Amino acid sequence: MSILIDRYTRVVVQGITGREGSFHTEQMQAYGTDVVAGVVPGRGGSTHLGVPVFDTVADAVTATAADCAFIIVPPPFAADAIMEAAAARLPLAVCVTEGVPVHDMIRARAVIDGSSTKLIGPNCPGLLTAGECKVGFIPNHVARPGSVGVVARSGTLTYEVIQGLSQAGHGQTTAVGIGGDPVLGLTFRDVLELFAEDKATRAVVMVGEIGGSDEESAAELIGKGYPKPVVAFISGRTAPPGKRMGHAGAIISGNRGTAQSKIDALTAAGAVVGDTIEDVVRLVGERLGVHSQR
Amino acid sequence: MKLLEYQAKQQFAKAGIATPAGRLARTAEEAEAAARELGRVAVKAQVPVGGRGKAGGIAVVDTPEQARAEAARILAMDIKGFPVRSVWCETGLDVAHEIYCGITLDRDRRRMVLILSGAGGMDIEQVAETQPEMIAKLWPDPFRGPQAYEIRQLAFTALRAVPALAERAGKLAAALVPLVQTLHRLSDSLDAVTCEINPLVITAAGDLVAADGKLEIDENAEYRHRDLAAELARDSVGDDGATGEDPYEVEAKRRGLTYVHLDGYVGCIGNGAGLVMNTLDLVKAAGGEPANFLDIGGGARADVVRNALDMVLSDPNVRGVFINIFGGITRGDEVARGIIEARDELHITKPLVVRMTGTREEEGRKLLQEAGIVPGISAVEAARKIVELTRGVQGGVPPALTGGQGGFPPEKGED
């Protein structure tokens with residue numbers, strides 16, 4: 001069991017012939033992801049990496065029954081690609097593109113909200129269901145199948161947590177990198193709701209960072225009686241206010257969005273917050289131990 | 001990209017929003033000339049931060065001589081770290097009321113939010129806290145934009161909270177419809193994350209005039225506004241291109257790097273914003289002080305890494321650099337090549353501690369080892385190591401640690 005993707009997921013790659021698109025499609029294929037189609041306008045009818053290429057997402061879906069879009073196109077085209085995936089009624093679209101203009105994303109998000117498509121990203125590493133499928137570029141060699149769900153804003157910290165968990169013997173169900181932009185698809189809260197329903201997931205690690213209030217909103221959900229232990233980590237404790245720390249969304253505005261406010265909200269809601277990734281891994285072990293004795 | 005008040009007003013005026021007549025002055029003499037031409041003027045410091053008035057950066061003057069004196073005083077000021085390079089001299093308005101009208105990004109709603117308030121001239125976030133009833137909000141459909149009826153609704157809500165405005169609310173609402181729609185179109189076409197008129201003055205004659213303006217353009221969308229950026233840059237030529245921004249950050253931007261300058265001594269480089277934030281947190285937790293935030297981003301090539309090292313080491317306070325790489329889209333071998341090239345070509349003698357894992361980590365580590373740079377074990381240990389190597393070091397570096405030798409034991413096969 002897992003959330004969002006598994007061994008049966010059929011992926012269409014928007015932007016498959018690009019340098020990064022090609023590289024990561026190959027990596028995904030090597031992990032076992034079933035890449036059934038590519039989309040590049042004007043390249044329809046060709047084949048790339050053993051995969052048929054189509055001019056439009058609609059064509060690709062009709063021909064291959066793809067059910068998940070992997071979007072790896074340059075920023076000016078990303079919002080359009082997301083809207084195209086939604087128009088083709090794909091259940092899931094994963095956009096890894098970094099640097100999408102926020103007004104573009106607001107429009108794309110409005111389209112997503114009016115559709116049946118779930119969006120992950122943009123500016124994210126994608127997601128991975130351990131041992132089954134990955135969509136995006138989470139380095140899979142650190143992942144092990146198991147019972148911990150991971151959700152993170154930062155790509156690299158997603159990898160850190162997965163590696164730490166695997167080394168400590170705690171495998172994962174699905175790891176989701178939701179991305180660091182202010183306007184994105186699924187939020188912490190949305191992914192926590194999915195993990196709550198997943199029988200195989202016994203604990204969730206949530207990696208947040210400064211800026212916005214998505215962590216606080218997740219804390220609200222946890223506070224209402226979340227059925228599984230949540231171990232959280234917040235990066236950016238030393239970040240000065242008013243400075244954008246890399247991610248477009250990682251900025252403390254006035255006294256809003258500080259690491260401390262997030263840590264406080266999560267702690268008050270009943271989540272446990274680790275000081276380092278090592279702490280997080282240890283705390284997961286403790287939580288799993290406690291629960292397995294029941 | 002933050003526009004100065006007068007630059008924002010130029011954009012408003014171009015779009016058809018009324019603004020007071022004004023002149024830019026870079027010297028007291030120019031301010032005097034402006035006042036001679038315009039009459040009674042407000043002399044306003046041009047800095048990209050709020051709170052100018054409170055800081056004494058705005059003066060209303062009656063004569064050209066006063067304009068000269070006040071401009072001289074204001075041009076010598078430094079407001080919240082921003083030296084005042086120019087003043088905007090503009091005609092005073094016959095103010096009946098001041099209201100607020102702005103569009104900004106609402107992260108929680110994933111939309112732009114249009115805010116109208118009967119309380120103008122004050123910090124809107126403060127108004128939202130102390131007098132929430134004064135504020136009306138609308139989240140316009142991003143494709144249709146705000147419709148006339150929505151704006152009227154917004155106007156009636158905001159204006160009815162102010163008794164003096166309630167009786168004229170009908171007329172004002174009608175005047176606000178085209179103004180708000182224009183402002184929304186402007187915010188959309190300029191990719192503004194903030195587009196604000198505060199105060200929006202209602203004159204005695206009943207006209208709406210933008211008495212102050214704030215415009216901030218989404219950095220991700222700057223590629224669509226190169227002309228505007230060039231125009232603003234040309235505008236700043238007389239100021240040595242200095243907007244009061246940190247010179248290191250200006251240089252980093254020129255190099256295309258995501259860099260934030262801090263005041264410590266441990267240079268920090270990593271791939272991914274979260275990872276670099278965490279790198280800073282780890283350095284601090286280990287007892288060190290981070291000198292910067294530098295994210296080389298996803299998929300960085302060797303030349304980007306070299307550029308990043310060069311950038312970080314241009315800060316003389318930096319005594320050593322911690323490079324924290326966890327490869328996803330970024331490949332370890334590329335990063336390793338960049339580090340080695342940088343060390344050799346830039347003759348780096350300060351200690352480098354590299355922690356590398358993820359995509360192509362084995363290739364990357366092998367390259368580093370062959371070049372005599374030993375990759376570190378965990379991020380926590382690497383942070384301790386760099387702090388140990390740099391704390392208490394003033395400028396000079398022990399010879400045993402030069403040449404990028406972090407003095408690290410090789411990573412034990414943990415994969």
# chains A, B, ... in the order shown; residues from 1 in each chain; ligands from 1

$ residues_around --residues "range 7-12 of chain A" --least-positions-apart "4" --cutoff "9 Å" --atoms "only C-alpha atoms" --output "count of residues only"
25

$ closest_atom_pairs --of "chain A" --to "chain B" --cutoff "9 Å" --atoms "only C-alpha atoms" --output "CSV"
residue,atom,partner,partner_atom,distance
A:Glu20,CA,B:Ile329,CA,8.1
A:His24,CA,B:Ile329,CA,7.9
A:Pro75,CA,B:Asn220,CA,8.4
A:Pro76,CA,B:Ala221,CA,8.6
A:Glu98,CA,B:Gly298,CA,8.5
A:Gly99,CA,B:Asn220,CA,5.1
A:Val100,CA,B:Asn220,CA,6.0
A:Pro101,CA,B:Asn220,CA,4.8
A:Val102,CA,B:Asp218,CA,7.0
A:His103,CA,B:Asp191,CA,6.3
A:Asp104,CA,B:Asp191,CA,8.9
A:Met105,CA,B:Arg110,CA,8.5
A:Ile106,CA,B:Arg111,CA,5.7
A:Arg107,CA,B:Pro142,CA,5.7
A:Arg109,CA,B:Arg110,CA,7.4
A:Ala110,CA,B:Pro142,CA,7.5
A:Pro125,CA,B:Gly328,CA,7.7
A:Gly136,CA,B:Ile329,CA,8.9
A:Phe137,CA,B:Gly328,CA,5.6
A:Ile138,CA,B:Gly328,CA,5.5
A:Pro139,CA,B:Gly328,CA,5.3
A:Asn140,CA,B:Gly358,CA,8.8
A:His141,CA,B:Gly358,CA,8.0
A:Val142,CA,B:Asp415,CA,7.6
A:Arg153,CA,B:Gly274,CA,7.6
A:Ser154,CA,B:Gly274,CA,4.8
A:Gly155,CA,B:Gly272,CA,6.7
A:Thr156,CA,B:Leu275,CA,5.6
A:Leu157,CA,B:Leu275,CA,5.6
A:Tyr159,CA,B:Phe326,CA,7.3
A:Glu160,CA,B:Phe326,CA,7.5
A:Gln167,CA,B:Glu414,CA,7.9
A:Gly180,CA,B:Ala273,CA,8.2
A:Pro182,CA,B:Arg107,CA,5.7
A:Val183,CA,B:Arg110,CA,5.2
A:Leu184,CA,B:Arg110,CA,7.6
A:Gly208,CA,B:Gly274,CA,8.5
A:Glu209,CA,B:Gly274,CA,7.0
A:Gly212,CA,B:Arg107,CA,6.4
A:Ser213,CA,B:Asp108,CA,6.9
A:Asp214,CA,B:Asp108,CA,7.4
A:Ile234,CA,B:Asn278,CA,8.6
A:Ser235,CA,B:Asn278,CA,5.2
A:Gly236,CA,B:Met277,CA,4.9
A:Arg237,CA,B:Asp281,CA,6.1
A:Thr238,CA,B:Asp281,CA,5.7
A:Ala239,CA,B:Met277,CA,7.2
A:Pro240,CA,B:Leu262,CA,8.5
A:Lys243,CA,B:Val260,CA,7.3
A:Arg244,CA,B:Val260,CA,7.9
A:Met245,CA,B:Ala273,CA,6.4
A:Gly246,CA,B:Ala273,CA,4.8
A:His247,CA,B:Ala273,CA,5.7
A:Ala248,CA,B:Asn220,CA,8.4
A:Gly249,CA,B:Arg107,CA,8.6
A:Ala250,CA,B:Ala273,CA,8.3
A:Thr276,CA,B:Leu282,CA,8.0
A:Glu278,CA,B:Val380,CA,8.6

$ closest_residue --among "A:Ala79, A:Val51, A:Ala143, A:Leu128" --to "Ile112 in chain A" --atoms "only C-alpha atoms"
A:Ala79

$ residues_around --residues "range 84-95 of chain B" --least-positions-apart "4" --cutoff "9 Å" --atoms "only C-alpha atoms" --output "JSON, numbers by chain"
{"B": [5, 6, 20, 21, 22, 23, 24, 25, 26, 27, 28, 31, 34, 35, 38, 39, 40, 41, 42, 43, 44, 45, 46, 47, 57, 58, 60, 67, 71, 74, 75, 76, 77, 78, 79, 201, 202, 203, 204, 205, 209, 211, 238, 239, 242, 243, 244]}

$ residues_around --residues "Ile99 in chain B" --least-positions-apart "4" --cutoff "10 Å" --atoms "only C-alpha atoms" --output "list in words"
Leu116, Ser117, Gly118, Ala119, Gly120, Gly121, Met122, Ala158, Leu159, Leu165, Ile197, Asn198, Pro199, Leu200, Val201, Ile202, Leu208 and Ala210 of chain B

$ select_by_dssp --residues "range 263-393 of chain B" --states "helix (DSSP H, G or I)" --output "PyMOL selection string"
chain B and resi 273-285+302-313+332-345+361-370+379-390

$ select_by_dssp --residues "range 54-289 of chain A" --states "strand (DSSP E or B)" --output "PyMOL selection string"
chain A and resi 54+68-71+92-95+118-120+126-129+133-136+145-152+172-177+203-209+230-235+253+256+272-273

$ residues_around --residues "Tyr248 in chain B" --least-positions-apart "2" --cutoff "10 Å" --atoms "only C-alpha atoms" --output "PyMOL selection string"
chain B and resi 245-246+250-254+259-262+292+311-312+314-315

$ write_last_selection --atoms "all heavy atoms" --output "CSV table (one decimal), in the first residue's frame"
chain,number,residue,atom,x,y,z
B,245,GLU,N,21.2,48.1,-1.4
B,245,GLU,CA,21.2,46.6,-1.2
B,245,GLU,C,22.6,46.2,-0.8
B,245,GLU,O,23.6,46.9,-1.1
B,245,GLU,CB,20.8,45.9,-2.5
B,245,GLU,CG,19.3,45.9,-2.7
B,245,GLU,CD,19.0,45.3,-4.1
B,245,GLU,OE1,19.0,44.1,-4.2
B,245,GLU,OE2,18.7,46.1,-5.0
B,246,ASP,N,22.7,45.1,-0.1
B,246,ASP,CA,23.9,44.5,0.3
B,246,ASP,C,24.8,44.3,-1.0
B,246,ASP,O,24.4,43.6,-1.9
B,246,ASP,CB,23.7,43.2,1.0
B,246,ASP,CG,24.9,42.5,1.4
B,246,ASP,OD1,25.7,42.0,0.6
B,246,ASP,OD2,25.2,42.6,2.6
B,250,VAL,N,24.1,42.0,-4.4
B,250,VAL,CA,24.0,42.6,-5.7
B,250,VAL,C,24.9,41.8,-6.7
B,250,VAL,O,24.5,41.4,-7.8
B,250,VAL,CB,24.4,44.1,-5.7
B,250,VAL,CG1,24.5,44.6,-7.1
B,250,VAL,CG2,23.3,44.9,-4.9
B,251,GLU,N,26.1,41.5,-6.2
B,251,GLU,CA,27.1,40.8,-7.0
B,251,GLU,C,26.6,39.4,-7.3
B,251,GLU,O,26.7,38.9,-8.4
B,251,GLU,CB,28.5,40.8,-6.2
B,251,GLU,CG,29.5,39.8,-6.8
B,251,GLU,CD,29.9,40.2,-8.3
B,251,GLU,OE1,29.6,41.3,-8.7
B,251,GLU,OE2,30.5,39.3,-8.9
B,252,ALA,N,26.0,38.7,-6.2
B,252,ALA,CA,25.5,37.4,-6.4
B,252,ALA,C,24.4,37.3,-7.5
B,252,ALA,O,24.4,36.4,-8.3
B,252,ALA,CB,25.0,36.8,-5.1
B,253,LYS,N,23.6,38.3,-7.4
B,253,LYS,CA,22.5,38.4,-8.4
B,253,LYS,C,23.0,38.5,-9.8
B,253,LYS,O,22.6,37.9,-10.7
B,253,LYS,CB,21.6,39.6,-8.0
B,253,LYS,CG,20.2,39.4,-8.7
B,253,LYS,CD,19.2,40.5,-8.1
B,253,LYS,CE,17.9,40.3,-8.9
B,253,LYS,NZ,17.0,41.4,-8.6
B,254,ARG,N,24.1,39.4,-9.9
B,254,ARG,CA,24.7,39.6,-11.2
B,254,ARG,C,25.2,38.2,-11.7
B,254,ARG,O,25.2,37.9,-12.9
B,254,ARG,CB,25.8,40.6,-11.1
B,254,ARG,CG,26.3,41.2,-12.4
B,254,ARG,CD,27.6,42.0,-12.2
B,254,ARG,NE,28.7,41.3,-11.6
B,254,ARG,CZ,29.5,40.4,-12.3
B,254,ARG,NH1,29.3,40.2,-13.6
B,254,ARG,NH2,30.5,39.8,-11.7
B,259,TYR,N,21.8,33.8,-3.2
B,259,TYR,CA,22.7,34.1,-2.1
B,259,TYR,C,22.1,35.1,-1.1
B,259,TYR,O,21.5,36.0,-1.6
B,259,TYR,CB,24.0,34.6,-2.7
B,259,TYR,CG,25.0,35.2,-1.8
B,259,TYR,CD1,26.1,34.4,-1.4
B,259,TYR,CD2,25.0,36.5,-1.3
B,259,TYR,CE1,27.1,34.9,-0.6
B,259,TYR,CE2,26.0,37.0,-0.5
B,259,TYR,CZ,27.0,36.2,-0.1
B,259,TYR,OH,28.0,36.7,0.7
B,260,VAL,N,22.3,34.8,0.1
B,260,VAL,CA,21.9,35.8,1.2
B,260,VAL,C,23.1,36.0,2.0
B,260,VAL,O,23.7,35.1,2.5
B,260,VAL,CB,20.7,35.3,2.0
B,260,VAL,CG1,20.4,36.3,3.1
B,260,VAL,CG2,19.5,35.0,1.2
B,261,HIS,N,23.5,37.3,2.2
B,261,HIS,CA,24.7,37.6,3.0
B,261,HIS,C,24.3,37.7,4.5
B,261,HIS,O,23.3,38.3,4.9
B,261,HIS,CB,25.2,39.0,2.5
B,261,HIS,CG,26.6,39.3,3.1
B,261,HIS,ND1,26.9,40.5,3.5
B,261,HIS,CD2,27.6,38.5,3.3
B,261,HIS,CE1,28.2,40.5,4.0
B,261,HIS,NE2,28.6,39.3,3.9
B,262,LEU,N,25.1,37.0,5.3
B,262,LEU,CA,24.9,37.1,6.8
B,262,LEU,C,26.2,37.5,7.4
B,262,LEU,O,27.2,37.8,6.7
B,262,LEU,CB,24.5,35.7,7.3
B,262,LEU,CG,23.3,35.1,6.6
B,262,LEU,CD1,23.1,33.6,7.0
B,262,LEU,CD2,22.0,35.8,7.0
B,292,ASN,N,26.8,33.1,5.1
B,292,ASN,CA,25.9,33.3,4.0
B,292,ASN,C,25.0,32.1,3.8
B,292,ASN,O,25.2,31.0,4.4
B,292,ASN,CB,26.7,33.5,2.7
B,292,ASN,CG,27.4,32.2,2.3
B,292,ASN,OD1,28.5,31.9,2.9
B,292,ASN,ND2,26.8,31.5,1.4
B,311,MET,N,32.2,33.3,-5.2
B,311,MET,CA,31.3,34.3,-4.6
B,311,MET,C,31.5,34.3,-3.0
B,311,MET,O,31.7,35.3,-2.4
B,311,MET,CB,29.9,33.9,-5.0
B,311,MET,CG,28.8,34.8,-4.4
B,311,MET,SD,28.9,36.5,-5.1
B,311,MET,CE,28.8,37.5,-3.5
B,312,VAL,N,31.3,33.1,-2.5
B,312,VAL,CA,31.4,33.0,-1.0
B,312,VAL,C,32.7,33.5,-0.5
B,312,VAL,O,32.8,34.2,0.5
B,312,VAL,CB,31.1,31.5,-0.6
B,312,VAL,CG1,31.5,31.3,0.9
B,312,VAL,CG2,29.7,31.1,-0.8
B,314,SER,N,34.6,35.7,-1.7
B,314,SER,CA,34.8,37.1,-1.9
B,314,SER,C,34.5,37.9,-0.6
B,314,SER,O,34.9,39.0,-0.5
B,314,SER,CB,34.0,37.6,-3.1
B,314,SER,OG,32.6,37.7,-2.7
B,315,ASP,N,33.8,37.3,0.3
B,315,ASP,CA,33.6,37.9,1.6
B,315,ASP,C,34.8,37.6,2.5
B,315,ASP,O,35.1,36.5,2.8
B,315,ASP,CB,32.3,37.3,2.2
B,315,ASP,CG,32.0,37.8,3.6
B,315,ASP,OD1,32.8,38.6,4.1
B,315,ASP,OD2,31.0,37.4,4.2

$ closest_residue --among "B:Glu334, B:Glu29, B:Asp207, B:Glu249" --to "Glu70 in chain B" --atoms "only C-alpha atoms"
B:Glu29

$ atom_distance --atom1 "CA of Ala88 in chain A" --atom2 "CA of Lys134 in chain A"
21.3 Å

$ closest_residue --among "A:Ala219, A:Val176, A:Val204, A:Met28" --to "Leu119 in chain A" --atoms "only C-alpha atoms"
A:Val176

$ residues_around --residues "Ile263 in chain A" --least-positions-apart "6" --cutoff "9 Å" --atoms "only C-alpha atoms" --output "list in words"
Glu215, Glu216, Ala232, Phe233, Ile234, Val272 and Val273 of chain A

$ write_last_selection --atoms "C-alpha atoms" --output "PDB file, in the first residue's frame"
ATOM      1  CA  GLU A 215       2.766  23.873   8.647  1.00  0.00           C
ATOM      2  CA  GLU A 216       0.359  25.620  11.036  1.00  0.00           C
ATOM      3  CA  ALA A 232       8.209  16.959  12.311  1.00  0.00           C
ATOM      4  CA  PHE A 233      11.294  18.961  11.441  1.00  0.00           C
ATOM      5  CA  ILE A 234      11.462  22.656  10.573  1.00  0.00           C
ATOM      6  CA  VAL A 272       6.868  15.752  18.093  1.00  0.00           C
ATOM      7  CA  VAL A 273       9.497  18.053  16.585  1.00  0.00           C
TER       8      VAL A 273
END

$ residues_around --residues "Val191 in chain A" --least-positions-apart "2" --cutoff "9 Å" --atoms "only C-alpha atoms" --output "NGL selection string"
:A and (3 or 151 or 176 or 178 or 186-189 or 193-196)
